[in-house]
Amino acid sequence: MTERADDVGGQLADPPRPVENLTAAAPVQAGAAEHRPAIDLETRRNQLMALVAELQSDLGGLVYEMAVRDRIRVDVIIRQAAQLQNVDAELSEIERILALEQSATAGLCANCEAPHSSTASYCWQCSQPILRQVDTSSILAP
């Protein structure tokens with residue numbers, strides 16, 4: 001997937017490839033509502049890690065080849081780096097989600113410091129409310 005600058009005119013030998021959608025779409029049956037399959041986040045993370053490594057290698061090779069030929073094309077480098085940045089951002093988000101799933105803790109109870117999930121309304125240990133009630137008159141007051 002390496003883009004290369006030709007010796008003549010600095011034109012691209014291979015056009016950039018779009019980032020592949022690595023999730024499989026479920027077949028839509030006639031009369032059925034569209035159904036999107038659940039994504040296996042660990043599999044997707046592994047796919048994205050491999051893609052990030054490939055894109056990093058390609059970017060480094062591209063810059064090296066341009067430098068050797070003394071034909072630096074900043075627009076091509078930026079386009080390739082933007083593709084890498086998009087994949088890396090998706091990878092970071094998936095890793096964040098996986099870390100949240102593994103810890104499953106959103107905070108600690110203010111009363112007894114027992115851990116609670118992000119959806120908890122009351123502490124499982126001391127039954128104190130997790131969410132605080134706010135007097136709306138203090139919010140709406142001028």
# chains A, B, ... in the order shown; residues from 1 in each chain; ligands from 1
call {"tool": "select_by_dssp", "arguments": {"residues": "stretch 41-131 of chain A", "states": "strand (DSSP E)", "output": "MDAnalysis selection string"}}
result
chainID A and resid 107:108 115:116
call {"tool": "residues_around", "arguments": {"residues": "A:Cys126", "least_positions_apart": "4", "cutoff": "9 Å", "atoms": "only C-alpha atoms", "output": "list of chain:residue names"}}
result
A:Cys109, A:Asn111, A:Cys112, A:Ala114, A:Tyr122
call {"tool": "atom_distance", "arguments": {"atom1": "atom CA of A:Gln83", "atom2": "atom CA of A:Ile97"}}
result
21.7 Å
call {"tool": "atom_distance", "arguments": {"atom1": "atom CA of A:Ser92", "atom2": "atom CA of A:Ala120"}}
result
26.1 Å
call {"tool": "atom_distance", "arguments": {"atom1": "atom CA of A:Asp88", "atom2": "atom CA of A:Thr43"}}
result
15.3 Å
call {"tool": "closest_residue", "arguments": {"among": "A:Ile77, A:Ala82, A:Leu131, A:Cys123", "to": "A:Tyr64", "atoms": "only C-alpha atoms"}}
result
A:Ile77
call {"tool": "residues_around", "arguments": {"residues": "A:Met49", "least_positions_apart": "4", "cutoff": "10 Å", "atoms": "only C-alpha atoms", "output": "number ranges by chain"}}
result
A: 43-45, 53-55, 87-88, 91-92
call {"tool": "closest_residue", "arguments": {"among": "A:Ser117, A:Asn46, A:Ile39, A:Gly107", "to": "A:Glu95", "atoms": "only C-alpha atoms"}}
result
A:Asn46
call {"tool": "closest_residue", "arguments": {"among": "A:Ala81, A:Val74, A:Leu41, A:Leu59", "to": "A:Ala99", "atoms": "only C-alpha atoms"}}
result
A:Leu41
call {"tool": "closest_residue", "arguments": {"among": "A:Val68, A:Ile78, A:Val63, A:Ala89", "to": "A:Leu48", "atoms": "only C-alpha atoms"}}
result
A:Ala89
call {"tool": "select_by_dssp", "arguments": {"residues": "stretch 32-75 of chain A", "states": "alpha helix (DSSP H)", "output": "MDAnalysis selection string"}}
result
chainID A and resid 41:68 74:75
